[in-house]
2 protein chains.
Amino acid sequence: MNKPVSTDNPIDYQDRRKRLQAKLRRKKIDCLLVSRPENRRYLSGYRAPDHGINESSGVLFVPAQGHVQLLTDFRFQLQAEQETSLIVNLYQKGLLNLLDSLIAEHRIRKFGFESHYTLHSFSLKLSELAEKREIEMIPLTGLVEKQRLIKSEKEIELIRQSVMLNESVFQQIHAKLSPDMSEIEIATVIEAQMRQVGAEGPSFGTIVASGTNGALPHAVPSERIVGNNTGVTIDMGLVLNGYCSDMTRNFVIGTPDETYTRIHRIVRKAQLAGIAAVKPGVLMKDVDLAARKLIGDQGHAKHFGHSLGHGVGLAVHEPPSVSFRSRQALKPGMIITIEPGIYVPDWGGVRLENMVVVTEDGCEQLNSDTTWLDI
Amino acid sequence: MNKPVSTDNPIDYQDRRKRLQAKLRRKKIDCLLVSRPENRRYLSGYRAPDHGINESSGVLFVPAQGHVQLLTDFRFQLQAEQETSLIVNLYQKGLLNLLDSLIAEHRIRKFGFESHYTLHSFSLKLSELAEKREIEMIPLTGLVEKQRLIKSEKEIELIRQSVMLNESVFQQIHAKLSPDMSEIEIATVIEAQMRQVGAEGPSFGTIVASGTNGALPHAVPSERIVGNNTGVTIDMGLVLNGYCSDMTRNFVIGTPDETYTRIHRIVRKAQLAGIAAVKPGVLMKDVDLAARKLIGDQGHAKHFGHSLGHGVGLAVHEPPSVSFRSRQALKPGMIITIEPGIYVPDWGGVRLENMVVVTEDGCEQLNSDTTWLDI
């Protein structure tokens, strides 16, 4: 299962860029400004994170023909040159000035930008530039994301490694848990262990929620001591070679009571029902409903307020959304989470999350599932 | 210096909201949608983080008159109710549907939104809504940020505590460093220690850069072993009670060579020159230039490519920018970093960063500066 990815076979960033450029030519767009960090990394291998959307560490200028450039500032120059094979073009006087000269140089008439990762305030400045240069600004959404939706063999292998490493961290930590630890302490040792075993870091802030805190699906770890005989939710993921994992486990240190056991079993059955429904051609909403119906039949419909799952890749949350509203169909190569939950105010919650890859005739679990704690 | 903040004197969120509402009335705007997480927290105490701008954990609907509401979804309901005194209004069918009914209910004619924290794609949907309801959408920028620019006594005290705790973490870790540790290992123990001593977490990804890596101002910690007799840059900050700290130290395990010592001294002198220039009424560019000139005079102008500093508060990077381009004047109550650096490709870098609060007649350093490693 966990065969190492050959380093003889590195990711072909150039092929990814060529496919995007061909798409731009088909759409008769002269260039695309790629601002979303995961898209940037997907197309170039550039690893620098953004410190929020307001503090970009660079953008890609992708002309429909010719060389792609990485536009960044002084602080990231060396990293950009080390991590990519692209032309690195520094904006000394701000990004807009540099774009202005690129528009002239490349004779751009139709300038595409990522509407879903561009601030309204920046779009106003792009509009001014368009007016000055008498060109069109074309808001585009999801062009690179669509390319990222279907994972290559190589990507599936990289994500599998991320999932495996994440599971091994859970197992190491779970073996050492004691009831006198606080939620924060547990989250801290998990994230330290992730780095210890070679992950770039957690793929999101690790969630450790015990007892009634488990009723908050997105709980922030607190000083609360987890204690004996109470439910503990751990939702954790890591980044390895850029690719994310995401997994939720729920267990009790000590002996679970009847209520806990009953709810845990319903959630596990709902998860298995969701996984069983995954197959090319099936609509997202029908996968969601397969799990949701089972929870509803047990009287917990109102305790499961979120979607069943989401895509995972370079971003920990990415398309597709496995939502009861989505009429999108599953396709081979998509990687999604299946994560039903039951959240009861003043009691707590249970959520169980695994990742699967859609195959030609169903799906394969990426989790080895040896971390599944049967009760 | 480090007197504890009395819990008898909690933050007056209502006063903050009232000041914003008065500002909206003066501008004849009927409401403001607050989407930026720090602004949301500033006005309400709501602590939930966003998982990026694409995954909001809620927005504030601030009418010019009357009660402010926190709009969020199921997953955050309990947390919102626990952490704020606001009306919590869940969007069952998406935020836009809820805004549609709030516009009708409150008879909104001029609807303000945070242009600098709203995606272009969402602004297109707001435009559709405006057309349907025949109202105006008003892009606003920096309204709440302007309120946050000048820190209250209480905020200064909270930030001082954050700075002090951050320094103590540095001291604890520095005492334990050994030359066989990797950059990642050091970053990991720092962040674990932050949580151990009660911080909410790091205020940004801790930077540990050794040797030539120090030439990258925003280096990501690597597997590199720091070793003896080579420069190590540690840039670290934490969040305590929502407020951030930010500090950079540079040192050598073992014996620094002449080049290192010379560059370190230039940077330290530039830092002191910058701090000496801080006074109400002085322009940001003149503070920057006070430090920059000293570095330039030593022949390193081209090795200092970033601004001298930035504001710190609920966000680790916030206005004002202490930039050589900024004609903004310093005012009492502003809190800024002073962080000159010299970065030499293929050699390494030195950056030193402290935080200061602008007082009536100059400034006070928030750092105790006992972590300053004189060489």
# chains A, B, ... in the order shown; residues from 1 in each chain; ligands from 1
$ residues_around --residues "region 89-105 of chain A" --least-positions-apart "2" --cutoff "6 Å" --atoms "only C-alpha atoms" --output "PyMOL selection string"
chain A and resi 71-73+107-108
$ residues_around --residues "region 358-364 of chain B" --least-positions-apart "2" --cutoff "9 Å" --atoms "only C-alpha atoms" --output "ChimeraX atom specification"
/B:275-280,330-336,355-356,366-367
$ write_last_selection --atoms "N, CA and C atoms" --output "PDB file, in the first residue's frame"
ATOM      1  N   ILE B 275      14.539  53.229  16.850  1.00  0.00           N
ATOM      2  CA  ILE B 275      13.775  53.427  18.093  1.00  0.00           C
ATOM      3  C   ILE B 275      13.909  54.876  18.569  1.00  0.00           C
ATOM      4  N   ALA B 276      15.119  55.424  18.439  1.00  0.00           N
ATOM      5  CA  ALA B 276      15.356  56.805  18.897  1.00  0.00           C
ATOM      6  C   ALA B 276      14.538  57.816  18.091  1.00  0.00           C
ATOM      7  N   ALA B 277      14.175  57.442  16.860  1.00  0.00           N
ATOM      8  CA  ALA B 277      13.438  58.377  15.998  1.00  0.00           C
ATOM      9  C   ALA B 277      11.932  58.370  16.262  1.00  0.00           C
ATOM     10  N   VAL B 278      11.456  57.404  17.065  1.00  0.00           N
ATOM     11  CA  VAL B 278      10.000  57.257  17.266  1.00  0.00           C
ATOM     12  C   VAL B 278       9.477  58.308  18.237  1.00  0.00           C
ATOM     13  N   LYS B 279       8.504  59.107  17.777  1.00  0.00           N
ATOM     14  CA  LYS B 279       7.954  60.212  18.553  1.00  0.00           C
ATOM     15  C   LYS B 279       6.669  60.654  17.865  1.00  0.00           C
ATOM     16  N   PRO B 280       5.666  61.072  18.609  1.00  0.00           N
ATOM     17  CA  PRO B 280       4.431  61.523  17.952  1.00  0.00           C
ATOM     18  C   PRO B 280       4.736  62.631  16.943  1.00  0.00           C
ATOM     19  N   LEU B 330       3.280  59.265  13.246  1.00  0.00           N
ATOM     20  CA  LEU B 330       3.124  58.483  14.479  1.00  0.00           C
ATOM     21  C   LEU B 330       2.195  59.200  15.450  1.00  0.00           C
ATOM     22  N   LYS B 331       1.415  58.390  16.201  1.00  0.00           N
ATOM     23  CA  LYS B 331       0.537  58.959  17.226  1.00  0.00           C
ATOM     24  C   LYS B 331       0.685  58.159  18.514  1.00  0.00           C
ATOM     25  N   PRO B 332       0.470  58.800  19.650  1.00  0.00           N
ATOM     26  CA  PRO B 332       0.538  58.058  20.919  1.00  0.00           C
ATOM     27  C   PRO B 332      -0.458  56.900  20.914  1.00  0.00           C
ATOM     28  N   GLY B 333      -0.026  55.761  21.430  1.00  0.00           N
ATOM     29  CA  GLY B 333      -0.889  54.581  21.489  1.00  0.00           C
ATOM     30  C   GLY B 333      -0.671  53.620  20.336  1.00  0.00           C
ATOM     31  N   MET B 334       0.075  54.046  19.317  1.00  0.00           N
ATOM     32  CA  MET B 334       0.414  53.091  18.257  1.00  0.00           C
ATOM     33  C   MET B 334       1.459  52.122  18.790  1.00  0.00           C
ATOM     34  N   ILE B 335       1.390  50.866  18.351  1.00  0.00           N
ATOM     35  CA  ILE B 335       2.414  49.885  18.717  1.00  0.00           C
ATOM     36  C   ILE B 335       3.023  49.351  17.433  1.00  0.00           C
ATOM     37  N   ILE B 336       4.342  49.469  17.318  1.00  0.00           N
ATOM     38  CA  ILE B 336       5.028  49.078  16.081  1.00  0.00           C
ATOM     39  C   ILE B 336       6.276  48.243  16.379  1.00  0.00           C
ATOM     40  N   MET B 355       9.488  45.518  19.866  1.00  0.00           N
ATOM     41  CA  MET B 355       8.238  46.271  19.740  1.00  0.00           C
ATOM     42  C   MET B 355       8.268  47.479  20.671  1.00  0.00           C
ATOM     43  N   VAL B 356       7.703  48.574  20.181  1.00  0.00           N
ATOM     44  CA  VAL B 356       7.634  49.789  21.003  1.00  0.00           C
ATOM     45  C   VAL B 356       6.217  50.350  20.965  1.00  0.00           C
ATOM     46  N   LEU B 366       8.529  47.743  24.563  1.00  0.00           N
ATOM     47  CA  LEU B 366       7.733  46.729  25.254  1.00  0.00           C
ATOM     48  C   LEU B 366       8.604  45.537  25.631  1.00  0.00           C
ATOM     49  N   ASN B 367       9.648  45.304  24.850  1.00  0.00           N
ATOM     50  CA  ASN B 367      10.574  44.227  25.210  1.00  0.00           C
ATOM     51  C   ASN B 367      11.407  44.644  26.410  1.00  0.00           C
TER      52      ASN B 367
END
$ closest_residue --among "B:Thr230, B:Asn39, B:Ser210, B:Ser222" --to "chain A" --atoms "only C-alpha atoms"
B:Ser222
$ closest_atom_pairs --of "chain A" --to "chain B" --cutoff "7 Å" --atoms "only C-alpha atoms" --output "tab-separated table"
residue	atom	partner	partner_atom	distance
A:Gly52	CA	B:Gly52	CA	6.9
A:Phe74	CA	B:Gly305	CA	6.0
A:Arg75	CA	B:Pro217	CA	5.4
A:Phe76	CA	B:Leu216	CA	6.7
A:Leu78	CA	B:Leu216	CA	6.5
A:Ser115	CA	B:Ser121	CA	5.0
A:His116	CA	B:Ser121	CA	5.1
A:Tyr117	CA	B:Leu119	CA	6.2
A:Thr118	CA	B:Leu119	CA	5.6
A:Leu119	CA	B:Leu119	CA	4.5
A:His120	CA	B:His120	CA	4.4
A:Ser121	CA	B:Ser115	CA	5.0
A:Ser123	CA	B:His120	CA	6.7
A:Thr188	CA	B:Ala192	CA	5.7
A:Ala192	CA	B:Thr188	CA	5.7
A:Leu216	CA	B:Arg75	CA	6.2
A:Pro217	CA	B:Arg75	CA	5.4
A:His218	CA	B:Arg75	CA	6.3
A:Gly305	CA	B:Phe74	CA	6.0
$ write_last_selection --atoms "N, CA and C atoms" --output "PDB file, in the first residue's frame"
ATOM      1  N   GLY A  52      -1.896  34.973   5.153  1.00  0.00           N
ATOM      2  CA  GLY A  52      -3.212  35.530   4.865  1.00  0.00           C
ATOM      3  C   GLY A  52      -3.259  36.157   3.487  1.00  0.00           C
ATOM      4  N   PHE A  74      11.495  41.036  -2.888  1.00  0.00           N
ATOM      5  CA  PHE A  74      12.817  40.798  -2.340  1.00  0.00           C
ATOM      6  C   PHE A  74      12.895  39.666  -1.313  1.00  0.00           C
ATOM      7  N   ARG A  75      11.927  39.655  -0.384  1.00  0.00           N
ATOM      8  CA  ARG A  75      12.027  38.707   0.726  1.00  0.00           C
ATOM      9  C   ARG A  75      12.008  37.257   0.269  1.00  0.00           C
ATOM     10  N   PHE A  76      11.367  37.009  -0.894  1.00  0.00           N
ATOM     11  CA  PHE A  76      11.175  35.630  -1.321  1.00  0.00           C
ATOM     12  C   PHE A  76      12.024  35.247  -2.527  1.00  0.00           C
ATOM     13  N   LEU A  78      15.223  34.407  -3.114  1.00  0.00           N
ATOM     14  CA  LEU A  78      16.070  33.215  -3.071  1.00  0.00           C
ATOM     15  C   LEU A  78      15.234  31.942  -3.059  1.00  0.00           C
ATOM     16  N   SER A 115     -10.987  35.386  -9.514  1.00  0.00           N
ATOM     17  CA  SER A 115     -12.029  36.145  -8.811  1.00  0.00           C
ATOM     18  C   SER A 115     -12.240  35.632  -7.382  1.00  0.00           C
ATOM     19  N   HIS A 116     -12.062  34.331  -7.186  1.00  0.00           N
ATOM     20  CA  HIS A 116     -12.319  33.683  -5.898  1.00  0.00           C
ATOM     21  C   HIS A 116     -11.098  33.755  -4.976  1.00  0.00           C
ATOM     22  N   TYR A 117     -10.020  34.425  -5.420  1.00  0.00           N
ATOM     23  CA  TYR A 117      -8.888  34.645  -4.515  1.00  0.00           C
ATOM     24  C   TYR A 117      -8.248  35.999  -4.793  1.00  0.00           C
ATOM     25  N   THR A 118      -9.088  36.966  -5.118  1.00  0.00           N
ATOM     26  CA  THR A 118      -8.632  38.340  -5.313  1.00  0.00           C
ATOM     27  C   THR A 118      -9.538  39.228  -4.469  1.00  0.00           C
ATOM     28  N   LEU A 119      -8.942  40.094  -3.696  1.00  0.00           N
ATOM     29  CA  LEU A 119      -9.750  40.981  -2.858  1.00  0.00           C
ATOM     30  C   LEU A 119     -10.470  42.010  -3.716  1.00  0.00           C
ATOM     31  N   HIS A 120     -11.659  42.379  -3.282  1.00  0.00           N
ATOM     32  CA  HIS A 120     -12.416  43.411  -3.979  1.00  0.00           C
ATOM     33  C   HIS A 120     -11.581  44.679  -4.133  1.00  0.00           C
ATOM     34  N   SER A 121     -10.850  45.039  -3.076  1.00  0.00           N
ATOM     35  CA  SER A 121     -10.043  46.265  -3.130  1.00  0.00           C
ATOM     36  C   SER A 121      -8.968  46.176  -4.228  1.00  0.00           C
ATOM     37  N   SER A 123      -9.227  44.291  -6.923  1.00  0.00           N
ATOM     38  CA  SER A 123      -9.932  44.265  -8.215  1.00  0.00           C
ATOM     39  C   SER A 123     -10.241  45.692  -8.678  1.00  0.00           C
ATOM     40  N   THR A 188      -0.770  19.886  21.213  1.00  0.00           N
ATOM     41  CA  THR A 188       0.631  20.293  21.098  1.00  0.00           C
ATOM     42  C   THR A 188       1.542  19.100  20.803  1.00  0.00           C
ATOM     43  N   ALA A 192       3.778  18.558  17.411  1.00  0.00           N
ATOM     44  CA  ALA A 192       5.226  18.388  17.540  1.00  0.00           C
ATOM     45  C   ALA A 192       5.647  17.064  16.898  1.00  0.00           C
ATOM     46  N   LEU A 216     -19.034  21.041  19.663  1.00  0.00           N
ATOM     47  CA  LEU A 216     -18.615  22.091  18.725  1.00  0.00           C
ATOM     48  C   LEU A 216     -17.780  21.452  17.615  1.00  0.00           C
ATOM     49  N   PRO A 217     -18.335  21.319  16.410  1.00  0.00           N
ATOM     50  CA  PRO A 217     -17.580  20.628  15.352  1.00  0.00           C
ATOM     51  C   PRO A 217     -16.211  21.261  15.101  1.00  0.00           C
ATOM     52  N   HIS A 218     -16.083  22.575  15.289  1.00  0.00           N
ATOM     53  CA  HIS A 218     -14.800  23.226  15.049  1.00  0.00           C
ATOM     54  C   HIS A 218     -14.181  23.756  16.338  1.00  0.00           C
ATOM     55  N   GLY A 305     -25.248  18.875  11.191  1.00  0.00           N
ATOM     56  CA  GLY A 305     -25.520  20.107  10.456  1.00  0.00           C
ATOM     57  C   GLY A 305     -24.547  20.450   9.351  1.00  0.00           C
TER      58      GLY A 305
END
$ select_by_dssp --residues "region 84-324 of chain B" --states "helix (DSSP H, G or I)" --output "VMD selection string"
chain B and resid 95 to 105 115 to 117 120 to 133 143 to 149 153 to 176 183 to 196 211 to 215 258 to 277 284 to 297 301 to 303
$ residues_around --residues "region 368-371 of chain B" --least-positions-apart "5" --cutoff "9 Å" --atoms "only C-alpha atoms" --output "list in words"
Met1, Val163, Met164, Glu167, Ser168, Phe170, Gln171, Arg249 and Asn354 of chain B
$ select_by_dssp --residues "region 52-161 of chain A" --states "strand (DSSP E)" --output "VMD selection string"
chain A and resid 59 to 63 69 to 72 87 to 90 110 to 114 136 to 140
$ residues_around --residues "Glu258 (chain B)" --least-positions-apart "5" --cutoff "12 Å" --atoms "only C-alpha atoms" --output "list in words"
Asn229, Thr230, Gly231, Ile263, His264, Arg265 and Ile375 of chain B
$ residues_around --residues "Gly309 (chain B)" --least-positions-apart "4" --cutoff "8 Å" --atoms "only C-alpha atoms" --output "NGL selection string"
:B and (288 or 321-323 or 336-340)
$ write_last_selection --atoms "N, CA and C atoms" --output "mmCIF file, in the first residue's frame"
data_model
loop_
_atom_site.group_PDB
_atom_site.id
_atom_site.type_symbol
_atom_site.label_atom_id
_atom_site.label_comp_id
_atom_site.auth_asym_id
_atom_site.auth_seq_id
_atom_site.Cartn_x
_atom_site.Cartn_y
_atom_site.Cartn_z
ATOM 1 N N ASP B 288 11.847 54.959 9.353
ATOM 2 C CA ASP B 288 12.494 53.957 8.495
ATOM 3 C C ASP B 288 13.869 54.462 8.052
ATOM 4 N N SER B 321 2.204 50.852 8.559
ATOM 5 C CA SER B 321 3.421 50.321 7.965
ATOM 6 C C SER B 321 4.535 51.337 8.185
ATOM 7 N N VAL B 322 5.624 50.886 8.813
ATOM 8 C CA VAL B 322 6.760 51.792 9.041
ATOM 9 C C VAL B 322 7.664 51.669 7.808
ATOM 10 N N SER B 323 7.219 52.317 6.733
ATOM 11 C CA SER B 323 7.835 52.152 5.412
ATOM 12 C C SER B 323 8.452 53.456 4.945
ATOM 13 N N ILE B 336 4.342 49.469 17.318
ATOM 14 C CA ILE B 336 5.028 49.078 16.081
ATOM 15 C C ILE B 336 6.276 48.243 16.379
ATOM 16 N N THR B 337 6.707 47.506 15.361
ATOM 17 C CA THR B 337 7.989 46.811 15.466
ATOM 18 C C THR B 337 9.071 47.687 14.837
ATOM 19 N N ILE B 338 10.294 47.506 15.332
ATOM 20 C CA ILE B 338 11.469 48.117 14.693
ATOM 21 C C ILE B 338 12.391 46.943 14.386
ATOM 22 N N GLU B 339 12.511 46.616 13.094
ATOM 23 C CA GLU B 339 13.210 45.380 12.734
ATOM 24 C C GLU B 339 14.066 45.510 11.480
ATOM 25 N N PRO B 340 15.185 46.213 11.599
ATOM 26 C CA PRO B 340 16.100 46.270 10.466
ATOM 27 C C PRO B 340 16.782 44.913 10.262
#
